[in-house]
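Report on the structure given below.
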Amino acid sequence: MRNFLPWNLHVNRFAIVATLLLASFAARATDVPEFHLAIQDHAFQPAELKVPAGVKFKLVVENRDAAPEEFESTEFNREKIVLPNGTASVYVGPLKPGSYKFFGDFHPDTAQGRLIAE
Amino acid sequence: MPGVALLVFREVLEAALIVSIVCAATRGVRGRGFYVAGGIALGLLGAILVALGAGAIADLASGSGQELFNAGVPLAAVVMIGWHVVWMSRHARELAQHMGAVGQAVKAGSSSLTLLLAVIALAVLREGSEVVLFLYSMAMGGIGAAGLAGGIALGVGGGVLLGFALYFGLLRIPLRHFFSATNAMLVLLAAGLASGAARFLLQANRLPALGEQLWDTSWLLSNGSLAGKTLGVLVGYDASPAGIQLVFYAITLLVLLGGMRWAARPVAPARTDAASTRGAAPARP
């Protein structure tokens with residue numbers, strides 16, 4: 001039995017992850033600006049949202065529909081299920097100035113929008 | 001129906017690529033089909049349970065439950081893949097004198113078959129739960145049974161077909177290099193999973209970004225494109241990754257490759273006391 005090796009490796013990796021996690025709690029900003037989006041009739045309101053560039057912010061997505069939606073952006077790399085009549089928050093950025101598309105993955109025909117970081 | 005087919009296809013493809021690599025890595029192992037089918041079935045069952053419990057999961061950890069879940073599932077798969085490749089490197093060496101390359105791998109592969117079953121189950125569970133919620137959403141929208149069934153059939157069919165294409169493509173690799181190749185693919189797959197997990201933890205603000213958008217290659221290959229998604233699964237491609245994702249990717253690569261090297265090092269000719277080999281292994285050129 002020399003199977004202790006993987007354990008050691010994994011313990012090390014967990015130690016690293018745990019350290020990173022702890023470090024992040026210390027660095028966790030409490031006063032991150034918040035921006036709100038709503039989903040209604042499978043469309044975003046507003047469809048265009050201005051956000052500050054170069055700052056981390058919290059995006060709160062409220063789903064007013066009776067169907068689940070997935071809020072997703074391949075341009076600022078986020079995805080999260082928003083349950084019916086529920087809200088979901090994602091932290092975004094800091095983003096470079098520019099326009100970033102997002103969409104509702106379950107209704108991409110109508111649920112389209114973008115963030116304007118400036 | 002096209003919308004249903006497209007989303008189902010994308011999710012099925014992601015899971016199918018992982019299943020294909022695992023299937024290739026366990027080539028020739030007896031009872032493999034049973035394990036693979038079992039893994040898929042468990043994954044589907046889990047997907048339904050996760051979708052049903054989505055509300056409860058979402059509310060965990062002050063709203064970060066979904067991210068923690070989406071990070072935990074692939075990280076669990078990373079640990080299992082890591083165990084498999086290290087185990088395999090170790091035992092391939094041990095059996096080298098007695099068997100041909102395939103025999104060794106088969107012997108080694110069968111021992112961690114359960115782990116790989118879990119990897120398959122986790123992959124199916126992750127993609128599957130999203131599909132279940134999507135289909136529920138579609139059904140609420142009044143798409144109708146025919147549209148739903150047609151979309152599912154097309155999507156699943158397409159995804160599985162590409163999975164088989166990858167599998168049979170991999171089978172063309174010469175036997176001599178075959179298991180080195182599948183091990184390498186497993187390592188890259190694991191690194192990509194770890195990077196994806198980091199992205200979810202970042203999304204929940206549980207990790208420092210260590211630099212957002214380090215570069216942007218979406219002009220060349222976007223995350224949303226089919227090729228981008230495929231490479232995302234296979235090697236962890238991300239058009240504009242954050243620093244923490246690179247850290248997770250690199251740590252996984254280093255730990256797995258280091259573990260494989262360690263495991264494949266020369267060992268004592270006659271298996272002596274296990275503990276004594278912990279330090280310097282007796283030299284045997």
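Residue numbers start at 1 in each chain; chains themselves are named A, B, ... in the order of the structure tokens; ligands are numbered from 1 in the order shown.
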Item checked: 8 Å contact set for stretch 231-238 of chain B, only C-alpha atoms, chain neighbours under 2 positions out, as a PyMOL selection string -> chain B and resi 14+17-18+185+188-189+191-193+195-196+223+227-229+240-241
Selection file, C-alpha atoms, as a CSV table (one decimal), in the first residue's frame:
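Once everything was written out, this is again-v5.csv:
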chain,number,residue,atom,x,y,z
B,14,GLU,CA,-19.8,19.3,-23.2
B,17,LEU,CA,-16.5,15.1,-24.8
B,18,ILE,CA,-15.7,14.2,-21.2
B,185,MET,CA,-6.0,14.6,-22.3
B,188,LEU,CA,-5.7,19.0,-19.7
B,189,LEU,CA,-9.3,18.3,-19.1
B,191,ALA,CA,-6.8,21.7,-15.6
B,192,GLY,CA,-9.6,23.2,-17.6
B,193,LEU,CA,-12.2,22.1,-15.1
B,195,SER,CA,-10.0,26.9,-14.3
B,196,GLY,CA,-13.7,26.9,-14.8
B,223,ASN,CA,-16.1,31.4,-25.7
B,227,ALA,CA,-15.0,25.5,-31.4
B,228,GLY,CA,-14.4,27.8,-28.4
B,229,LYS,CA,-16.7,25.7,-26.2
B,240,SER,CA,-10.4,36.3,-21.7
B,241,PRO,CA,-9.4,34.6,-18.5
Note to self: DSSP on the backbone, helix (DSSP H, G or I) only: what residues of stretch 160-209 of chain B does that give? Format it as number ranges by chain.
What the structure shows: B: 160-171, 175-203
Same residues, N, CA and C atoms, saved as a CSV table (one decimal), in the first residue's frame:
chain,number,residue,atom,x,y,z
B,160,VAL,N,-24.1,13.5,-28.9
B,160,VAL,CA,-23.5,12.2,-28.8
B,160,VAL,C,-22.7,11.8,-30.0
B,161,LEU,N,-23.2,12.2,-31.2
B,161,LEU,CA,-22.5,11.9,-32.4
B,161,LEU,C,-21.1,12.5,-32.4
B,162,LEU,N,-20.9,13.7,-32.0
B,162,LEU,CA,-19.6,14.4,-31.9
B,162,LEU,C,-18.8,13.7,-30.9
B,163,GLY,N,-19.4,13.2,-29.8
B,163,GLY,CA,-18.7,12.5,-28.7
B,163,GLY,C,-18.1,11.2,-29.3
B,164,PHE,N,-18.9,10.5,-30.1
B,164,PHE,CA,-18.4,9.3,-30.7
B,164,PHE,C,-17.3,9.6,-31.7
B,165,ALA,N,-17.4,10.7,-32.4
B,165,ALA,CA,-16.4,11.1,-33.4
B,165,ALA,C,-15.1,11.3,-32.7
B,166,LEU,N,-15.1,12.0,-31.5
B,166,LEU,CA,-13.9,12.2,-30.8
B,166,LEU,C,-13.3,10.8,-30.3
B,167,TYR,N,-14.2,9.9,-29.8
B,167,TYR,CA,-13.8,8.6,-29.3
B,167,TYR,C,-13.1,7.8,-30.4
B,168,PHE,N,-13.7,7.8,-31.6
B,168,PHE,CA,-13.1,6.9,-32.6
B,168,PHE,C,-11.9,7.6,-33.2
B,169,GLY,N,-11.9,8.9,-33.1
B,169,GLY,CA,-10.7,9.6,-33.5
B,169,GLY,C,-9.5,9.2,-32.6
B,170,LEU,N,-9.8,9.2,-31.3
B,170,LEU,CA,-8.8,8.9,-30.3
B,170,LEU,C,-8.3,7.4,-30.5
B,171,LEU,N,-9.2,6.5,-30.9
B,171,LEU,CA,-8.8,5.1,-31.1
B,171,LEU,C,-7.8,5.0,-32.2
B,175,LEU,N,-1.3,2.3,-30.5
B,175,LEU,CA,-1.4,1.8,-29.2
B,175,LEU,C,-0.2,2.1,-28.3
B,176,ARG,N,1.0,2.2,-28.9
B,176,ARG,CA,2.2,2.5,-28.2
B,176,ARG,C,2.1,3.8,-27.4
B,177,HIS,N,1.4,4.8,-28.1
B,177,HIS,CA,1.2,6.1,-27.4
B,177,HIS,C,-0.1,6.3,-26.8
B,178,PHE,N,-1.0,5.3,-27.0
B,178,PHE,CA,-2.4,5.6,-26.7
B,178,PHE,C,-2.7,6.1,-25.3
B,179,PHE,N,-2.2,5.4,-24.3
B,179,PHE,CA,-2.5,5.7,-23.0
B,179,PHE,C,-1.8,7.0,-22.5
B,180,SER,N,-0.6,7.2,-23.1
B,180,SER,CA,0.1,8.5,-22.8
B,180,SER,C,-0.8,9.6,-23.3
B,181,ALA,N,-1.4,9.4,-24.5
B,181,ALA,CA,-2.2,10.4,-25.0
B,181,ALA,C,-3.5,10.7,-24.2
B,182,THR,N,-4.2,9.6,-23.8
B,182,THR,CA,-5.4,9.7,-23.1
B,182,THR,C,-5.1,10.3,-21.7
B,183,ASN,N,-3.9,10.0,-21.1
B,183,ASN,CA,-3.6,10.5,-19.8
B,183,ASN,C,-3.3,12.0,-20.0
B,184,ALA,N,-2.7,12.4,-21.0
B,184,ALA,CA,-2.4,13.8,-21.3
B,184,ALA,C,-3.7,14.6,-21.4
B,185,MET,N,-4.7,14.0,-22.2
B,185,MET,CA,-6.0,14.6,-22.3
B,185,MET,C,-6.7,14.7,-21.0
B,186,LEU,N,-6.6,13.7,-20.2
B,186,LEU,CA,-7.3,13.8,-18.9
B,186,LEU,C,-6.7,14.9,-18.0
B,187,VAL,N,-5.3,15.1,-18.1
B,187,VAL,CA,-4.7,16.1,-17.3
B,187,VAL,C,-5.1,17.5,-17.8
B,188,LEU,N,-5.2,17.7,-19.1
B,188,LEU,CA,-5.7,19.0,-19.7
B,188,LEU,C,-7.1,19.2,-19.3
B,189,LEU,N,-7.9,18.2,-19.4
B,189,LEU,CA,-9.3,18.3,-19.1
B,189,LEU,C,-9.5,18.7,-17.6
B,190,ALA,N,-8.7,18.1,-16.7
B,190,ALA,CA,-8.7,18.5,-15.3
B,190,ALA,C,-8.3,19.9,-15.1
B,191,ALA,N,-7.3,20.3,-15.8
B,191,ALA,CA,-6.8,21.7,-15.6
B,191,ALA,C,-7.9,22.7,-16.1
B,192,GLY,N,-8.5,22.4,-17.2
B,192,GLY,CA,-9.6,23.2,-17.6
B,192,GLY,C,-10.8,23.3,-16.7
B,193,LEU,N,-11.1,22.1,-16.1
B,193,LEU,CA,-12.2,22.1,-15.1
B,193,LEU,C,-11.8,23.0,-13.9
B,194,ALA,N,-10.6,22.9,-13.5
B,194,ALA,CA,-10.2,23.7,-12.3
B,194,ALA,C,-10.3,25.2,-12.6
B,195,SER,N,-9.9,25.5,-13.9
B,195,SER,CA,-10.0,26.9,-14.3
B,195,SER,C,-11.4,27.4,-14.3
B,196,GLY,N,-12.3,26.5,-14.8
B,196,GLY,CA,-13.7,26.9,-14.8
B,196,GLY,C,-14.3,27.0,-13.4
B,197,ALA,N,-13.8,26.2,-12.5
B,197,ALA,CA,-14.3,26.3,-11.1
B,197,ALA,C,-13.8,27.6,-10.5
B,198,ALA,N,-12.6,28.0,-10.8
B,198,ALA,CA,-12.1,29.3,-10.3
B,198,ALA,C,-13.0,30.5,-10.8
B,199,ARG,N,-13.5,30.3,-12.1
B,199,ARG,CA,-14.3,31.4,-12.6
B,199,ARG,C,-15.6,31.5,-11.8
B,200,PHE,N,-16.2,30.4,-11.4
B,200,PHE,CA,-17.4,30.5,-10.6
B,200,PHE,C,-17.2,31.1,-9.3
B,201,LEU,N,-16.0,30.7,-8.7
B,201,LEU,CA,-15.7,31.3,-7.3
B,201,LEU,C,-15.5,32.8,-7.4
B,202,LEU,N,-14.9,33.2,-8.6
B,202,LEU,CA,-14.7,34.6,-8.8
B,202,LEU,C,-16.0,35.3,-9.0
B,203,GLN,N,-16.9,34.7,-9.7
B,203,GLN,CA,-18.2,35.2,-10.0
B,203,GLN,C,-19.0,35.5,-8.6
Margin query: Quick one: residues within 7 Å of B:Gly39, only C-alpha atoms, excluding same-chain residues fewer than 3 positions away - as a ChimeraX atom specification?
Written below: /B:35-36,42-43,117-118,120-121
Selected residues written out with N, CA and C atoms, as a short mmCIF file (atom, residue, chain, number, x, y, z; two decimals), in the first residue's frame:
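Produced file again_34.cif, reproduced below:
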data_model
loop_
_atom_site.label_atom_id
_atom_site.label_comp_id
_atom_site.auth_asym_id
_atom_site.auth_seq_id
_atom_site.Cartn_x
_atom_site.Cartn_y
_atom_site.Cartn_z
N TYR B 35 -19.97 0.47 -16.38
CA TYR B 35 -19.61 1.63 -15.56
C TYR B 35 -19.99 2.94 -16.24
N VAL B 36 -19.72 3.00 -17.55
CA VAL B 36 -20.03 4.23 -18.28
C VAL B 36 -21.54 4.48 -18.27
N LEU B 42 -26.53 7.69 -13.32
CA LEU B 42 -26.43 8.41 -12.04
C LEU B 42 -26.42 9.91 -12.27
N GLY B 43 -25.69 10.32 -13.31
CA GLY B 43 -25.60 11.74 -13.63
C GLY B 43 -26.96 12.31 -13.98
N LEU B 117 -16.16 6.49 -13.27
CA LEU B 117 -17.62 6.48 -13.29
C LEU B 117 -18.13 7.77 -12.64
N ALA B 118 -17.50 8.13 -11.54
CA ALA B 118 -17.92 9.35 -10.84
C ALA B 118 -17.66 10.59 -11.70
N ILE B 120 -17.74 10.76 -14.93
CA ILE B 120 -18.80 10.79 -15.93
C ILE B 120 -20.10 11.29 -15.31
N ALA B 121 -20.42 10.75 -14.12
CA ALA B 121 -21.66 11.15 -13.45
C ALA B 121 -21.65 12.64 -13.18
#
Margin query: What's around A:Glu34 at 9 Å? Count only C-alpha atoms, leave out sequence neighbours fewer than 6 positions away in its own chain, and write the answer as a PyMOL selection string.
Written below: chain A and resi 57-60
Can you build me a table of chain B residues sitting at most 9 Å from chain A, with the closest atom pair per residue and its distance in Å to one decimal, using only C-alpha atoms, sorted by chain and residue number, as a Markdown table?
| residue | atom | partner | partner_atom | distance |
| --- | --- | --- | --- | --- |
| B:Gly3 | CA | A:His107 | CA | 8.2 |
| B:Val4 | CA | A:Phe106 | CA | 8.6 |
| B:Leu7 | CA | A:Phe106 | CA | 7.8 |
| B:Ala54 | CA | A:Leu83 | CA | 7.9 |
| B:Gly55 | CA | A:Leu83 | CA | 7.0 |
| B:Ala58 | CA | A:Ala88 | CA | 8.1 |
| B:Gly63 | CA | A:Ala88 | CA | 7.1 |
| B:Ser64 | CA | A:Ser89 | CA | 8.1 |
| B:Gln66 | CA | A:Lys80 | CA | 7.6 |
| B:Glu67 | CA | A:Lys80 | CA | 7.9 |
| B:Val79 | CA | A:His10 | CA | 7.1 |
| B:Gly82 | CA | A:Pro6 | CA | 7.8 |
| B:Trp83 | CA | A:Pro6 | CA | 6.0 |
| B:Val86 | CA | A:Pro6 | CA | 7.3 |
| B:Trp87 | CA | A:Asn3 | CA | 8.1 |
| B:Glu130 | CA | A:Ile81 | CA | 8.2 |
| B:Leu133 | CA | A:Pro68 | CA | 6.7 |
| B:Phe134 | CA | A:Phe106 | CA | 5.9 |
| B:Leu135 | CA | A:Phe106 | CA | 8.7 |
| B:Tyr136 | CA | A:Ala67 | CA | 7.5 |
| B:Ser137 | CA | A:Ala67 | CA | 4.8 |
| B:Met138 | CA | A:Phe106 | CA | 7.8 |
| B:Ala139 | CA | A:Ala67 | CA | 8.9 |
| B:Met140 | CA | A:Ala67 | CA | 6.4 |
| B:Gly141 | CA | A:Ala67 | CA | 7.6 |
| B:Arg199 | CA | A:Asn77 | CA | 8.0 |
| B:Phe200 | CA | A:Arg78 | CA | 7.9 |
| B:Leu202 | CA | A:Tyr91 | CA | 7.4 |
| B:Gln203 | CA | A:Tyr91 | CA | 5.0 |
| B:Ala204 | CA | A:Tyr91 | CA | 6.0 |
| B:Asn205 | CA | A:Tyr91 | CA | 6.1 |
| B:Arg206 | CA | A:Ser24 | CA | 6.0 |
| B:Leu207 | CA | A:Ser24 | CA | 4.8 |
| B:Pro208 | CA | A:Ser24 | CA | 5.3 |
| B:Ala209 | CA | A:Gly93 | CA | 8.9 |
| B:Gly211 | CA | A:Pro94 | CA | 8.5 |
| B:Glu212 | CA | A:Pro94 | CA | 6.4 |
| B:Gln213 | CA | A:Leu95 | CA | 7.5 |
| B:Ser218 | CA | A:Glu75 | CA | 7.9 |
| B:Ser222 | CA | A:Thr74 | CA | 7.5 |
| B:Asn223 | CA | A:Thr74 | CA | 5.6 |
| B:Gly224 | CA | A:Thr74 | CA | 5.7 |
| B:Asp238 | CA | A:Asn77 | CA | 8.8 |
| B:Ala239 | CA | A:Glu75 | CA | 8.5 |
| B:Ser240 | CA | A:Asn77 | CA | 7.8 |
| B:Pro241 | CA | A:Asn77 | CA | 8.2 |
| B:Phe248 | CA | A:Val17 | CA | 8.6 |
| B:Ile251 | CA | A:Arg13 | CA | 7.8 |
| B:Thr252 | CA | A:Arg13 | CA | 8.3 |
| B:Val255 | CA | A:Leu9 | CA | 6.8 |
| B:Leu256 | CA | A:Leu9 | CA | 8.5 |
| B:Gly259 | CA | A:Leu9 | CA | 7.3 |
| B:Trp262 | CA | A:Leu5 | CA | 8.8 |
| B:Ala263 | CA | A:Leu5 | CA | 8.1 |
| B:Ala274 | CA | A:Arg2 | CA | 5.7 |
| B:Ala275 | CA | A:Arg2 | CA | 7.5 |
| B:Thr277 | CA | A:Arg2 | CA | 8.5 |
| B:Arg278 | CA | A:Arg2 | CA | 8.3 |
Only C-alpha atoms, please: the residues just picked out, written as a PDB file, in the first residue's frame.
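Result went into selection39.pdb, see below:
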ATOM      1  CA  GLY B   3     -33.651  26.684 -30.070  1.00  0.00           C
ATOM      2  CA  VAL B   4     -34.217  23.584 -27.951  1.00  0.00           C
ATOM      3  CA  LEU B   7     -29.043  24.410 -26.268  1.00  0.00           C
ATOM      4  CA  ALA B  54     -32.164  24.542  -7.617  1.00  0.00           C
ATOM      5  CA  GLY B  55     -34.028  26.946  -5.369  1.00  0.00           C
ATOM      6  CA  ALA B  58     -29.362  29.035  -4.929  1.00  0.00           C
ATOM      7  CA  GLY B  63     -26.874  33.533  -2.606  1.00  0.00           C
ATOM      8  CA  SER B  64     -23.579  31.994  -3.715  1.00  0.00           C
ATOM      9  CA  GLN B  66     -25.028  27.958  -7.215  1.00  0.00           C
ATOM     10  CA  GLU B  67     -21.459  29.110  -7.741  1.00  0.00           C
ATOM     11  CA  VAL B  79      -9.379  15.156  -7.727  1.00  0.00           C
ATOM     12  CA  GLY B  82      -5.783  13.241 -10.634  1.00  0.00           C
ATOM     13  CA  TRP B  83      -6.027  10.056  -8.633  1.00  0.00           C
ATOM     14  CA  VAL B  86      -1.246   9.106 -10.807  1.00  0.00           C
ATOM     15  CA  TRP B  87      -2.419   5.601  -9.990  1.00  0.00           C
ATOM     16  CA  GLU B 130     -29.026  23.039 -16.819  1.00  0.00           C
ATOM     17  CA  LEU B 133     -34.187  23.726 -16.073  1.00  0.00           C
ATOM     18  CA  PHE B 134     -34.109  24.871 -19.676  1.00  0.00           C
ATOM     19  CA  LEU B 135     -36.616  22.255 -20.784  1.00  0.00           C
ATOM     20  CA  TYR B 136     -38.854  23.219 -17.884  1.00  0.00           C
ATOM     21  CA  SER B 137     -38.615  26.827 -19.011  1.00  0.00           C
ATOM     22  CA  MET B 138     -39.469  25.831 -22.573  1.00  0.00           C
ATOM     23  CA  ALA B 139     -42.380  23.668 -21.486  1.00  0.00           C
ATOM     24  CA  MET B 140     -43.784  26.630 -19.548  1.00  0.00           C
ATOM     25  CA  GLY B 141     -43.506  28.720 -22.669  1.00  0.00           C
ATOM     26  CA  ARG B 199     -14.299  31.384 -12.631  1.00  0.00           C
ATOM     27  CA  PHE B 200     -17.405  30.473 -10.641  1.00  0.00           C
ATOM     28  CA  LEU B 202     -14.672  34.603  -8.802  1.00  0.00           C
ATOM     29  CA  GLN B 203     -18.225  35.238  -9.962  1.00  0.00           C
ATOM     30  CA  ALA B 204     -19.332  34.773  -6.335  1.00  0.00           C
ATOM     31  CA  ASN B 205     -16.544  37.079  -5.153  1.00  0.00           C
ATOM     32  CA  ARG B 206     -15.003  34.251  -3.161  1.00  0.00           C
ATOM     33  CA  LEU B 207     -11.579  34.553  -4.719  1.00  0.00           C
ATOM     34  CA  PRO B 208      -9.385  37.464  -5.748  1.00  0.00           C
ATOM     35  CA  ALA B 209      -9.297  37.862  -9.544  1.00  0.00           C
ATOM     36  CA  GLY B 211      -6.258  40.425 -12.851  1.00  0.00           C
ATOM     37  CA  GLU B 212      -9.484  40.374 -14.856  1.00  0.00           C
ATOM     38  CA  GLN B 213      -9.403  39.977 -18.645  1.00  0.00           C
ATOM     39  CA  SER B 218     -12.400  36.407 -28.563  1.00  0.00           C
ATOM     40  CA  SER B 222     -14.987  33.315 -28.747  1.00  0.00           C
ATOM     41  CA  ASN B 223     -16.136  31.380 -25.711  1.00  0.00           C
ATOM     42  CA  GLY B 224     -19.608  31.179 -27.195  1.00  0.00           C
ATOM     43  CA  ASP B 238     -10.995  30.763 -22.258  1.00  0.00           C
ATOM     44  CA  ALA B 239     -10.893  33.820 -24.505  1.00  0.00           C
ATOM     45  CA  SER B 240     -10.380  36.296 -21.658  1.00  0.00           C
ATOM     46  CA  PRO B 241      -9.392  34.554 -18.451  1.00  0.00           C
ATOM     47  CA  PHE B 248      -5.873  27.036 -10.825  1.00  0.00           C
ATOM     48  CA  ILE B 251      -1.528  24.260 -10.075  1.00  0.00           C
ATOM     49  CA  THR B 252      -3.589  21.392 -11.488  1.00  0.00           C
ATOM     50  CA  VAL B 255       0.308  18.686  -9.250  1.00  0.00           C
ATOM     51  CA  LEU B 256      -0.942  16.076 -11.716  1.00  0.00           C
ATOM     52  CA  GLY B 259       2.303  13.196  -9.221  1.00  0.00           C
ATOM     53  CA  TRP B 262       6.653  10.677  -8.879  1.00  0.00           C
ATOM     54  CA  ALA B 263       4.503   7.617  -9.320  1.00  0.00           C
ATOM     55  CA  ALA B 274       5.896   0.309   1.630  1.00  0.00           C
ATOM     56  CA  ALA B 275       7.018   2.935   4.101  1.00  0.00           C
ATOM     57  CA  THR B 277      10.133   3.764  -0.306  1.00  0.00           C
ATOM     58  CA  ARG B 278       8.709   7.041   0.812  1.00  0.00           C
TER      59      ARG B 278
END
